[in-house]
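Novice: One structure, pasted below without further comment.
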Amino acid sequence: MTKLWNTIKVGNVILQHRLALAPMTRSRALHDGTPGELSALYYAQRASLGLLISEGTQPSEDGQGYLYTPGIYTAAHIAGWKKIADEVHQAGGYLVIQLMHVGRMSHSENTPHHRQPVAPSAIAPKAQMFTATGMQDIPVPRELSLEDVKATVEDFRKAAAAAIQAGADGVEIHGANGYLIHQFISENANVRTDQYGGSIENRTRFAIEVATAVAEEIGAERTGFRISPGVPLGDLVEGNKGPEVYKYLISELAKLNLAYLHVLHSGNEETLREIRSAWPTVLMVNRPSRPLEELSRDVDAGVADIVSVGTWALANPDFVERLKAGGPLNEADPSTFYGGDQRGYTDYPAMN
């Protein structure tokens with residue numbers, strides 16, 4: 001794993017190794033979306049990972065899907081994230097806030113305004129959502145009008161500016177995992193007949209407009225983008241043209257000279273090699289459930305510059321130190337992944 005410990009420049013920051021904290025929903029924000037009191041400790045504990053990508057953070061009221069996820073669109077949200085950024089910086093890390101608009105993966109009971117979820121088209125996913133009153137079918141969303149689409153792009157722009165105001169070192173645009181940007185890309189969630197539907201150029205238009213707006217607002221060197229090619233989360237079907245869609249999207253995003261591209265890898269090695277060839281800046285790869293001994297495989301092979309770590313980092317705040325020392329790892333407790341208090345959040349012990 002020697003290449004893992006090489007330094008690398010990502011945008012305008014220099015990291016001491018090739019590991020990063022993967023974004024993970026923890027659902028411990030206050031009811032109004034302000035990050036909870038323990039969140040600063042949670043992220044600071046993991047500062048040795050260097051680049052910390054936050055849990056998905058909604059850029060607007062419409063962007064929320066799950067209970068107790070944080071926002072970044074009010075003064076209270078900004079103040080809450082500033083505490084986190086300050087603690088992370090003091091501990092020697094860098095904070096990237098992931099901007100996540102869930103689109104149709106929502107329920108009116110979970111949002112501040114209790115309105116119908118929004119999406120590219122009025123098509124409900126065949127899925128359920130956890131709410132305060134239990135699991136419920138996700139309802140049919142409201143189709144975004146052209147004016148709504150433009151307003152949503154501006155929501156991302158404003159949220160990015162708010163993240164920097166809060167002291168974050170950058171933002172990651174969540175274009176993956178079945179959420180709004182991914183819904184625009186996918187054939188079965190987007191049946192629009194205007195400039196945002198139909199052709200490859202049209203279905204990627206929203207993603208490109210969001211990335212362009214954010215890069216214009218805070219600088220490309222502070223902007224990352226996450227994709228999940230071939231991953232059918234959120235009841236999405238990318239269709240036979242899925243590979244072509246990503247090829248075009250990546251080529252257009254590459255023109256923006258973003259700080260990095262973050263790929264949730266589904267196992268298609270040829271796709272990953274093609275992305276590596278097409279992407280000009282830092283490429284981050286997340287492989288869920290990979291064996292620990294294969295952690296550096298993609299960096300060693302030159303198909304990734306950084307690997308992001310999720311569950312291992314959740315259960316081991318000193319994951320970097322444990323990995324270097326060959327120390328034992330704490331086991332993660334799935335029953336404490338979402339919601340709750342410090343248990344399974346800030347109480348995992350360090351090696352020493």
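Just remember, in the structure tokens the first chain shown is A, the second B, etc., residues are 1-based per chain, and ligands are 1-based in the order shown.
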Applying 9 Å and only C-alpha atoms, which residues near Ser108 of chain A remain after dropping the ones on its own chain fewer than 5 positions away? List them as an mmCIF file with all heavy atoms, in the first residue's frame.
Specialist:
```cif
data_model
loop_
_atom_site.group_PDB
_atom_site.id
_atom_site.type_symbol
_atom_site.label_atom_id
_atom_site.label_comp_id
_atom_site.auth_asym_id
_atom_site.auth_seq_id
_atom_site.Cartn_x
_atom_site.Cartn_y
_atom_site.Cartn_z
ATOM 1 N N GLY A 65 -34.878 14.642 1.700
ATOM 2 C CA GLY A 65 -35.602 13.395 1.517
ATOM 3 C C GLY A 65 -35.775 12.613 2.792
ATOM 4 O O GLY A 65 -36.806 11.991 3.022
ATOM 5 N N HIS A 113 -41.502 22.081 4.529
ATOM 6 C CA HIS A 113 -42.723 22.701 3.999
ATOM 7 C C HIS A 113 -43.848 21.693 3.748
ATOM 8 O O HIS A 113 -44.957 22.076 3.406
ATOM 9 C CB HIS A 113 -42.419 23.472 2.726
ATOM 10 C CG HIS A 113 -41.682 22.677 1.674
ATOM 11 N ND1 HIS A 113 -41.867 21.339 1.459
ATOM 12 C CD2 HIS A 113 -40.741 23.068 0.770
ATOM 13 C CE1 HIS A 113 -41.104 20.927 0.470
ATOM 14 N NE2 HIS A 113 -40.397 21.955 0.040
ATOM 15 N N HIS A 114 -43.530 20.397 3.873
ATOM 16 C CA HIS A 114 -44.529 19.319 3.722
ATOM 17 C C HIS A 114 -45.204 19.337 2.354
ATOM 18 O O HIS A 114 -46.380 18.964 2.226
ATOM 19 C CB HIS A 114 -45.578 19.393 4.837
ATOM 20 C CG HIS A 114 -44.986 19.304 6.210
ATOM 21 N ND1 HIS A 114 -44.241 18.229 6.643
ATOM 22 C CD2 HIS A 114 -45.017 20.186 7.252
ATOM 23 C CE1 HIS A 114 -43.844 18.426 7.878
ATOM 24 N NE2 HIS A 114 -44.288 19.605 8.277
ATOM 25 N N ARG A 115 -44.454 19.756 1.343
ATOM 26 C CA ARG A 115 -45.010 19.754 -0.020
ATOM 27 C C ARG A 115 -44.644 18.461 -0.742
ATOM 28 O O ARG A 115 -43.761 17.713 -0.323
ATOM 29 C CB ARG A 115 -44.489 20.970 -0.795
ATOM 30 C CG ARG A 115 -45.025 22.303 -0.304
ATOM 31 C CD ARG A 115 -44.937 23.376 -1.380
ATOM 32 N NE ARG A 115 -43.571 23.655 -1.786
ATOM 33 C CZ ARG A 115 -42.865 24.710 -1.369
ATOM 34 N NH1 ARG A 115 -43.397 25.565 -0.515
ATOM 35 N NH2 ARG A 115 -41.638 24.904 -1.795
ATOM 36 N N GLN A 116 -45.304 18.240 -1.840
ATOM 37 C CA GLN A 116 -45.057 17.104 -2.707
ATOM 38 C C GLN A 116 -43.601 17.117 -3.188
ATOM 39 O O GLN A 116 -43.074 18.174 -3.535
ATOM 40 C CB GLN A 116 -46.012 17.196 -3.900
ATOM 41 C CG GLN A 116 -46.003 16.037 -4.866
ATOM 42 C CD GLN A 116 -46.995 16.279 -6.009
ATOM 43 O OE1 GLN A 116 -47.490 17.401 -6.185
ATOM 44 N NE2 GLN A 116 -47.296 15.257 -6.771
ATOM 45 N N PRO A 117 -42.932 15.973 -3.235
ATOM 46 C CA PRO A 117 -41.573 15.943 -3.784
ATOM 47 C C PRO A 117 -41.553 16.389 -5.238
ATOM 48 O O PRO A 117 -42.587 16.388 -5.920
ATOM 49 C CB PRO A 117 -41.176 14.467 -3.662
ATOM 50 C CG PRO A 117 -42.074 13.909 -2.608
ATOM 51 C CD PRO A 117 -43.365 14.664 -2.736
ATOM 52 N N PRO A 139 -44.606 8.987 -2.714
ATOM 53 C CA PRO A 139 -45.710 9.435 -3.574
ATOM 54 C C PRO A 139 -45.225 9.875 -4.954
ATOM 55 O O PRO A 139 -44.026 10.041 -5.191
ATOM 56 C CB PRO A 139 -46.268 10.632 -2.798
ATOM 57 C CG PRO A 139 -45.082 11.182 -2.076
ATOM 58 C CD PRO A 139 -44.255 9.992 -1.687
#
```
Novice: Segment 147-275 of chain A: which residues are strand (DSSP E or B) by DSSP, as an mmCIF file with all heavy atoms, in the first residue's frame?
Specialist:
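The result, written out as out_0.cif:
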```
data_model
loop_
_atom_site.group_PDB
_atom_site.id
_atom_site.type_symbol
_atom_site.label_atom_id
_atom_site.label_comp_id
_atom_site.auth_asym_id
_atom_site.auth_seq_id
_atom_site.Cartn_x
_atom_site.Cartn_y
_atom_site.Cartn_z
ATOM 1 N N GLY A 170 -14.682 23.270 0.032
ATOM 2 C CA GLY A 170 -15.256 22.993 -1.269
ATOM 3 C C GLY A 170 -16.588 22.300 -1.124
ATOM 4 O O GLY A 170 -17.092 22.092 -0.012
ATOM 5 N N VAL A 171 -17.189 21.944 -2.251
ATOM 6 C CA VAL A 171 -18.438 21.186 -2.256
ATOM 7 C C VAL A 171 -18.321 20.042 -3.251
ATOM 8 O O VAL A 171 -17.542 20.095 -4.201
ATOM 9 C CB VAL A 171 -19.674 22.049 -2.616
ATOM 10 C CG1 VAL A 171 -19.804 23.241 -1.693
ATOM 11 C CG2 VAL A 171 -19.639 22.481 -4.068
ATOM 12 N N GLU A 172 -19.088 19.005 -2.985
ATOM 13 C CA GLU A 172 -19.238 17.906 -3.933
ATOM 14 C C GLU A 172 -20.687 17.876 -4.386
ATOM 15 O O GLU A 172 -21.596 17.799 -3.558
ATOM 16 C CB GLU A 172 -18.863 16.569 -3.303
ATOM 17 C CG GLU A 172 -19.081 15.374 -4.234
ATOM 18 C CD GLU A 172 -18.650 14.046 -3.630
ATOM 19 O OE1 GLU A 172 -17.423 13.820 -3.523
ATOM 20 O OE2 GLU A 172 -19.536 13.246 -3.259
ATOM 21 N N ILE A 173 -20.927 17.940 -5.680
ATOM 22 C CA ILE A 173 -22.271 17.863 -6.242
ATOM 23 C C ILE A 173 -22.650 16.390 -6.360
ATOM 24 O O ILE A 173 -21.944 15.607 -6.999
ATOM 25 C CB ILE A 173 -22.335 18.539 -7.617
ATOM 26 C CG1 ILE A 173 -21.944 20.018 -7.508
ATOM 27 C CG2 ILE A 173 -23.718 18.392 -8.235
ATOM 28 C CD1 ILE A 173 -21.628 20.658 -8.847
ATOM 29 N N HIS A 174 -23.755 16.020 -5.728
ATOM 30 C CA HIS A 174 -24.187 14.620 -5.730
ATOM 31 C C HIS A 174 -24.998 14.349 -6.994
ATOM 32 O O HIS A 174 -26.180 14.681 -7.073
ATOM 33 C CB HIS A 174 -25.023 14.351 -4.485
ATOM 34 C CG HIS A 174 -25.112 12.899 -4.103
ATOM 35 N ND1 HIS A 174 -24.819 11.877 -4.978
ATOM 36 C CD2 HIS A 174 -25.462 12.287 -2.926
ATOM 37 C CE1 HIS A 174 -24.986 10.715 -4.377
ATOM 38 N NE2 HIS A 174 -25.372 10.936 -3.129
ATOM 39 N N THR A 223 -14.714 22.539 -6.479
ATOM 40 C CA THR A 223 -15.914 21.814 -6.884
ATOM 41 C C THR A 223 -15.586 20.382 -7.292
ATOM 42 O O THR A 223 -14.729 20.142 -8.147
ATOM 43 C CB THR A 223 -16.598 22.521 -8.066
ATOM 44 O OG1 THR A 223 -16.852 23.890 -7.721
ATOM 45 C CG2 THR A 223 -17.902 21.836 -8.424
ATOM 46 N N GLY A 224 -16.283 19.422 -6.672
ATOM 47 C CA GLY A 224 -16.206 18.028 -7.076
ATOM 48 C C GLY A 224 -17.567 17.555 -7.558
ATOM 49 O O GLY A 224 -18.593 18.215 -7.342
ATOM 50 N N PHE A 225 -17.598 16.395 -8.190
ATOM 51 C CA PHE A 225 -18.850 15.860 -8.745
ATOM 52 C C PHE A 225 -18.843 14.350 -8.550
ATOM 53 O O PHE A 225 -17.838 13.686 -8.816
ATOM 54 C CB PHE A 225 -18.964 16.206 -10.229
ATOM 55 C CG PHE A 225 -20.356 16.102 -10.790
ATOM 56 C CD1 PHE A 225 -21.139 17.239 -10.948
ATOM 57 C CD2 PHE A 225 -20.887 14.876 -11.169
ATOM 58 C CE1 PHE A 225 -22.438 17.157 -11.459
ATOM 59 C CE2 PHE A 225 -22.175 14.782 -11.679
ATOM 60 C CZ PHE A 225 -22.951 15.929 -11.829
ATOM 61 N N ARG A 226 -19.962 13.805 -8.099
ATOM 62 C CA ARG A 226 -20.055 12.355 -7.830
ATOM 63 C C ARG A 226 -21.035 11.698 -8.803
ATOM 64 O O ARG A 226 -22.134 12.217 -9.042
ATOM 65 C CB ARG A 226 -20.514 12.114 -6.393
ATOM 66 C CG ARG A 226 -20.627 10.632 -5.978
ATOM 67 C CD ARG A 226 -20.930 10.560 -4.495
ATOM 68 N NE ARG A 226 -21.301 9.241 -4.029
ATOM 69 C CZ ARG A 226 -20.453 8.339 -3.513
ATOM 70 N NH1 ARG A 226 -19.165 8.634 -3.439
ATOM 71 N NH2 ARG A 226 -20.899 7.172 -3.085
ATOM 72 N N ILE A 227 -20.642 10.554 -9.346
ATOM 73 C CA ILE A 227 -21.483 9.781 -10.255
ATOM 74 C C ILE A 227 -21.493 8.319 -9.809
ATOM 75 O O ILE A 227 -20.616 7.865 -9.072
ATOM 76 C CB ILE A 227 -21.006 9.872 -11.721
ATOM 77 C CG1 ILE A 227 -19.560 9.375 -11.857
ATOM 78 C CG2 ILE A 227 -21.145 11.298 -12.250
ATOM 79 C CD1 ILE A 227 -19.065 9.292 -13.298
ATOM 80 N N TYR A 260 -12.212 17.436 -8.750
ATOM 81 C CA TYR A 260 -12.179 15.965 -8.810
ATOM 82 C C TYR A 260 -13.512 15.420 -9.294
ATOM 83 O O TYR A 260 -14.538 16.110 -9.266
ATOM 84 C CB TYR A 260 -11.822 15.357 -7.450
ATOM 85 C CG TYR A 260 -12.860 15.515 -6.365
ATOM 86 C CD1 TYR A 260 -13.924 14.619 -6.228
ATOM 87 C CD2 TYR A 260 -12.789 16.559 -5.440
ATOM 88 C CE1 TYR A 260 -14.877 14.760 -5.225
ATOM 89 C CE2 TYR A 260 -13.730 16.708 -4.424
ATOM 90 C CZ TYR A 260 -14.774 15.800 -4.330
ATOM 91 O OH TYR A 260 -15.718 15.938 -3.337
ATOM 92 N N LEU A 261 -13.464 14.173 -9.728
ATOM 93 C CA LEU A 261 -14.654 13.376 -10.037
ATOM 94 C C LEU A 261 -14.642 12.191 -9.088
ATOM 95 O O LEU A 261 -13.614 11.526 -8.915
ATOM 96 C CB LEU A 261 -14.624 12.892 -11.487
ATOM 97 C CG LEU A 261 -15.829 12.066 -11.954
ATOM 98 C CD1 LEU A 261 -17.079 12.936 -12.037
ATOM 99 C CD2 LEU A 261 -15.547 11.417 -13.325
ATOM 100 N N HIS A 262 -15.789 11.920 -8.461
ATOM 101 C CA HIS A 262 -15.917 10.856 -7.465
ATOM 102 C C HIS A 262 -16.836 9.786 -8.036
ATOM 103 O O HIS A 262 -17.996 10.066 -8.347
ATOM 104 C CB HIS A 262 -16.496 11.448 -6.178
ATOM 105 C CG HIS A 262 -16.408 10.545 -4.997
ATOM 106 N ND1 HIS A 262 -16.866 10.919 -3.748
ATOM 107 C CD2 HIS A 262 -15.929 9.276 -4.853
ATOM 108 C CE1 HIS A 262 -16.657 9.933 -2.895
ATOM 109 N NE2 HIS A 262 -16.100 8.918 -3.537
ATOM 110 N N VAL A 263 -16.337 8.571 -8.179
ATOM 111 C CA VAL A 263 -17.095 7.487 -8.810
ATOM 112 C C VAL A 263 -17.451 6.419 -7.785
ATOM 113 O O VAL A 263 -16.564 5.851 -7.136
ATOM 114 C CB VAL A 263 -16.285 6.834 -9.951
ATOM 115 C CG1 VAL A 263 -17.077 5.695 -10.587
ATOM 116 C CG2 VAL A 263 -15.909 7.873 -11.001
ATOM 117 N N LEU A 264 -18.751 6.165 -7.637
ATOM 118 C CA LEU A 264 -19.203 4.979 -6.909
ATOM 119 C C LEU A 264 -19.132 3.831 -7.902
ATOM 120 O O LEU A 264 -19.891 3.789 -8.873
ATOM 121 C CB LEU A 264 -20.630 5.171 -6.395
ATOM 122 C CG LEU A 264 -21.254 3.951 -5.702
ATOM 123 C CD1 LEU A 264 -20.463 3.550 -4.469
ATOM 124 C CD2 LEU A 264 -22.707 4.229 -5.331
#
```
Novice: List every residue of segment 276-308 of chain A that DSSP, applied to the backbone of this structure, places in helix (DSSP H, G or I), and write the result as number ranges by chain.
Specialist: A: 276-278, 292-294, 297-301
Novice: Using C-alpha atoms, can you write the selected residues to a file as a PDB file, in the first residue's frame?
Specialist:
```pdb
ATOM      1  CA  ARG A 276      -9.804   7.385 -15.985  1.00  0.00           C
ATOM      2  CA  SER A 277      -8.725   8.028 -19.575  1.00  0.00           C
ATOM      3  CA  ALA A 278     -11.345  10.719 -20.076  1.00  0.00           C
ATOM      4  CA  LEU A 292      -9.088  -4.251   3.259  1.00  0.00           C
ATOM      5  CA  GLU A 293      -6.083  -5.825   1.560  1.00  0.00           C
ATOM      6  CA  GLU A 294      -7.343  -4.447  -1.770  1.00  0.00           C
ATOM      7  CA  ARG A 297      -5.622  -1.614  -5.706  1.00  0.00           C
ATOM      8  CA  ASP A 298      -7.017   1.200  -7.845  1.00  0.00           C
ATOM      9  CA  VAL A 299      -4.296   3.655  -6.842  1.00  0.00           C
ATOM     10  CA  ASP A 300      -1.603   1.044  -7.490  1.00  0.00           C
ATOM     11  CA  ALA A 301      -3.116   0.296 -10.910  1.00  0.00           C
TER      12      ALA A 301
END
```
Novice: Here is a test: counting only C-alpha atoms, which residue of A:Thr193, A:Gln128, A:Gln342, A:Thr57 is nearest to Met24 of chain A?
Specialist: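 Under the stated criterion, the closest residue is A:Thr57.
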Novice: For Arg28 of chain A, which residue out of A:Thr336, A:Asn257, A:Gln58, A:Gln45 is the nearest one, using only C-alpha atoms?
Specialist: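 Among A:Thr336, A:Asn257, A:Gln58, A:Gln45, it is A:Thr336 that comes nearest to Arg28 of chain A.
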Novice: Tell me, as a CSV table (one decimal) with N, CA and C atoms, in the first residue's frame, which residues lie within 8 Å of segment 140-153 of chain A, counting only C-alpha atoms; anything in the same chain fewer than 4 positions away does not count.
Specialist:
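File produced: part_21.csv:
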```csv
chain,number,residue,atom,x,y,z
A,104,ARG,N,-37.2,13.0,-6.3
A,104,ARG,CA,-38.4,12.2,-5.9
A,104,ARG,C,-38.2,11.3,-4.8
A,116,GLN,N,-45.3,18.2,-1.8
A,116,GLN,CA,-45.1,17.1,-2.7
A,116,GLN,C,-43.6,17.1,-3.2
A,117,PRO,N,-42.9,16.0,-3.2
A,117,PRO,CA,-41.6,15.9,-3.8
A,117,PRO,C,-41.6,16.4,-5.2
A,118,VAL,N,-40.4,16.8,-5.7
A,118,VAL,CA,-40.2,17.2,-7.1
A,118,VAL,C,-39.3,16.3,-7.8
A,119,ALA,N,-39.4,16.3,-9.2
A,119,ALA,CA,-38.6,15.4,-10.0
A,119,ALA,C,-38.6,15.8,-11.4
A,120,PRO,N,-37.8,15.2,-12.3
A,120,PRO,CA,-37.9,15.6,-13.7
A,120,PRO,C,-39.2,15.3,-14.3
A,121,SER,N,-39.9,14.2,-13.9
A,121,SER,CA,-41.2,13.8,-14.4
A,121,SER,C,-42.0,13.3,-13.2
A,122,ALA,N,-43.3,13.3,-13.4
A,122,ALA,CA,-44.2,12.8,-12.4
A,122,ALA,C,-44.3,11.3,-12.3
A,123,ILE,N,-43.2,10.7,-12.0
A,123,ILE,CA,-43.2,9.2,-11.9
A,123,ILE,C,-42.6,8.8,-10.6
A,124,ALA,N,-43.4,8.1,-9.8
A,124,ALA,CA,-42.9,7.7,-8.5
A,124,ALA,C,-42.0,6.5,-8.6
A,125,PRO,N,-41.0,6.4,-7.7
A,125,PRO,CA,-40.2,5.2,-7.6
A,125,PRO,C,-40.9,4.1,-6.9
A,157,ARG,N,-26.3,26.8,-6.7
A,157,ARG,CA,-25.3,27.9,-6.7
A,157,ARG,C,-25.3,28.6,-5.3
A,206,PHE,N,-29.1,19.3,-17.2
A,206,PHE,CA,-29.3,19.8,-15.8
A,206,PHE,C,-28.0,19.6,-15.0
A,209,GLU,N,-25.5,22.1,-16.1
A,209,GLU,CA,-25.8,23.5,-15.7
A,209,GLU,C,-25.5,23.6,-14.2
A,210,VAL,N,-25.8,22.6,-13.4
A,210,VAL,CA,-25.5,22.7,-11.9
A,210,VAL,C,-24.0,22.8,-11.7
A,213,ALA,N,-22.8,26.3,-12.8
A,213,ALA,CA,-23.2,27.3,-11.8
A,213,ALA,C,-22.3,27.3,-10.6
```
Novice: Please provide the set of residues having any atom within 8 Å of Pro349 of chain A, restricted to only C-alpha atoms, with same-chain residues fewer than 6 positions apart removed, written as a list in words.
Specialist: Asn316, Pro317 and Asn330 of chain A
Novice: When you look at Ala332 of chain A with a cut-off of 10 Å (counting only C-alpha atoms), what residues show up, excluding the ones that are within fewer than 5 positions of it in the same chain? I need them as a ChimeraX atom specification.
Specialist: /A:311-316,337,344,348
Novice: When distances are computed from only C-alpha atoms, which of A:Lys126, A:Glu61, A:Leu329, A:Gly339 shows the smallest separation from Leu30 of chain A?
Specialist: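 Smallest distance to Leu30 of chain A is found for A:Gly339.
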Novice: Just want the 8 Å neighbourhood of Ile8 of chain A, counted on only C-alpha atoms, with same-chain residues fewer than 3 positions away dropped. Output as a ChimeraX atom specification.
Specialist: /A:14-18
